[in-house]
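Before any comments, here is the structure.
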Amino acid sequence: MTRAATQPAGRPIPRRDGAPRLTRVVPLHWMLLLPALAVIGILLLYPLLRVLLLSFQDYGLDNVISGEPDFNGIDNYVQLLTDPYLWRIALPNTAVFAVVAVGGTVAFGTLVAVLLRSLGRVARTIVLSCVMVAWAMPAVSGTYVWIWIFDVDNGLARQLLGAVGLIGPEGFNWFTERLSFYAIVTLNVIHHGFPFVAVTVLAGLLTIPREYYEAALLDGATAWQRFWHVTVPTIRPVFAVVTILSTIWDFKVFAQVYLMPGGSGTNPEVLNFGTWSYIRSFARQDYGLGSAIAVLLTLILLAITVIYLRSLFKDEEFE
Amino acid sequence: MTARAHRRSGARLTGAALARWVAVAGVLLFTLFPAYFMVATAVSAEAGSGTEVLLPEALTLEKFHFVLTEAGFLLYLRNSLLVALVTVVASCLLALLAATAVARFRFSLRTSILVMVLVVQMVPLEALVIPLFLQVRDLGMLNSLIGLSVVYTALAVPFAVWMLRGFVASVPVEVEEAAYVDGASWGRMFWSVLFPLVAPGLVATGVFAFILAWNEFILALTFLDDGDKYTVAVGLRRFFGPYTNDWGAMMAASTVITLPVMLFFLAVQRGLVSGLVQGAVKG
């Protein structure tokens, strides 16, 4: 489709149609790309290089003021990787949470997509609009709503569970326990993230030709078999996209943890990579170690991204 | 035999239909409840406890009045609006030019640029916030809303390029060729032919950029420490103290910042969805 590029007369002619002919000093496509690439380079790529350099430095408040670097080799990484806090708290809070949240988001989103497909047009539009409400809710305000629902003193959860006798009059602090803290974060993240999965999978489902199902029906396939042998393989690329994008998003949740009681540093039990790095840098003025944590998180995400690119390149005519 | 079989399948159908509507009700409850609870808390006269606001007995708009005037939320709204508008205009413009380049021209490095655009979106803000803070601080641009907008533009551009690329590619090349046949220059063709045809994509991209700027938290939290410069996402923290939580005001403010995003979302959901799918899936 896009392969047949335009050939404006007297303009740069696409390369595949022959030897490149430079009709200008700078070809048009580079002039079009330049502003975007400049912004990305200065504000995304250069900072990325800088955080890498910072992670090899002892960078505290005095360095911020003087601007002089204090390189200390791999000290930050040694300190980081030998810290039991990383292995016992921060890594599980990041990775186990991400696996559970992604699984929940993709499973629930897919169920909702299948449900949406089975509805008539009007009902589907109405339900879809309601599902969008969850997506549209800003993470910040959504997080406060969940905090309010689970408020220790007057929250809805405490009162309802108290009314049926599941928790006593002394109440329960959901936010101090790591497990219940992350259960709330998971609920929050699934609620916010499932609409993207539902909508994307639904779009995929709607592209499957009806004939596939008719053929499967003729062969006597049950609904479950039709789902596993027709639906899933046909929209496998869509599943790959939503799973990997959700994984990337869930690895770097920040506001949903930071805004919760204790999430901004007062309860070290509940920090994940993002909040730990942030608190190390800005609350404890240890930018070097904070950068090392951030680099570690970036490397994990980069690894996931490589998997993403592979699945994308394999499935598409992406050239 | 036929009559019985019919009756059986009829009963199964209504059973399935019932199960389907129960499932729909469950999904609606889950997806709408937080938004309902937020608004209910904001408008109920008594917001002392969770069950009190579940079905508010007396309604009031007083909390909105308090939040917007006394608590200074009107100022935060203005700040956020300024930041979001600059981000939308700048990122749409830059992304449309770049998307045209990658969708319409074949050149060496094209694939590398596309991969870079994709990879750079995965970089966590937690990693960027430290160097960006030092950079912005050295430039003396902390507390500058324009400085914040420029950073947001950079964050929005990669995804915007990725998304618009699909829209530009779906415009038939023949349409452009017809413009050249009529004697249009490249610039003329771009503004008079391509631009209107990708307008739906631009709307979806603009909404995406708006929401990014409106919701962004970590950079705003780090760059802005002057209360007069707060954006809404940071301003919300003012109601949340360690010991006293004014939940009524908090939820009223949350409602105020959620509304514009929700309206935008509902208005462009079709474009947004097809944009996401084109951008993310079609490659």
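Starting from 1 in every chain, residues are counted up; chains themselves are A, B, ... following the order of the structure tokens, and ligands are numbered from 1 as listed.
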Exercise for the section: Would you please extract all helix (DSSP H, G or I) residues from range 108-253 of chain B, as assigned by DSSP on the backbone, and give them as a ChimeraX atom specification? Expected result: /B:110-120,125-138,145-169,173-181,186-197,199-215,218-223,227-229,232-239,247-253
Problem - Long-range neighbours of range 149-166 of chain B as a ChimeraX atom specification, 8 Å cut-off, only C-alpha atoms, 5 positions minimum in chain - result: /A:36,39-40,43-44 /B:83-84,86-88,90-92,94-96,98-100,102-103,114,117-118,120-121,198,201-202,205,208-209,212-213,275-276,278-280,282-283
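Separating CA of Leu115 in chain A from CA of Tyr144 in chain A is a distance of 29.5 Å.
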Exercise for the section: Write out as number ranges by chain the residues lying within 12 Å of Thr51 in chain B, counting only C-alpha atoms and excluding same-chain residues fewer than 4 positions away. Expected result: A: 148-151, 153-163; B: 37, 40-41, 44, 46-47, 55-57
Practice task
Measuring atom to atom with only C-alpha atoms, identify which of B:Met262, B:Leu197, B:Val43, B:Met250 is nearest to Val145 in chain A.
Solution key: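 For Val145 in chain A, the nearest of the given residues is B:Met250.
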Handout entry: Atom pair CA of Ala249 in chain B / CA of Met137 in chain A: separation (Å)
Key =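 Going from CA of Ala249 in chain B over to CA of Met137 in chain A, I get 17.4 Å.
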Problem - Computed interatomic separation between CA of Glu52 in chain B and CA of Gly248 in chain B (Å) - result: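 It comes out at 11.6 Å.
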Proximity of range 133-243 of chain A to range 228-240 of chain B: per-residue shortest pair, 9 Å limit, only C-alpha atoms, as CSV:
residue,atom,partner,partner_atom,distance
A:Pro138,CA,B:Ala233,CA,8.6
A:Val140,CA,B:Ala233,CA,6.4
A:Ser141,CA,B:Ala233,CA,7.9
A:Tyr144,CA,B:Phe240,CA,8.9
Those selected residues, please, written with C-alpha atoms and delivered as a short mmCIF file (atom, residue, chain, number, x, y, z; two decimals), in the first residue's frame.
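Final output, result-v1.cif:
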data_model
loop_
_atom_site.label_atom_id
_atom_site.label_comp_id
_atom_site.auth_asym_id
_atom_site.auth_seq_id
_atom_site.Cartn_x
_atom_site.Cartn_y
_atom_site.Cartn_z
CA PRO A 138 -6.96 10.25 34.93
CA VAL A 140 -4.23 10.62 39.56
CA SER A 141 -7.92 11.12 40.32
CA TYR A 144 -7.53 9.00 44.95
#
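Residue nearest chain A within the list B:Phe73, B:Tyr36, B:Phe66, B:Trp191: B:Tyr36 [criterion: smallest interatomic distance, only C-alpha atoms].
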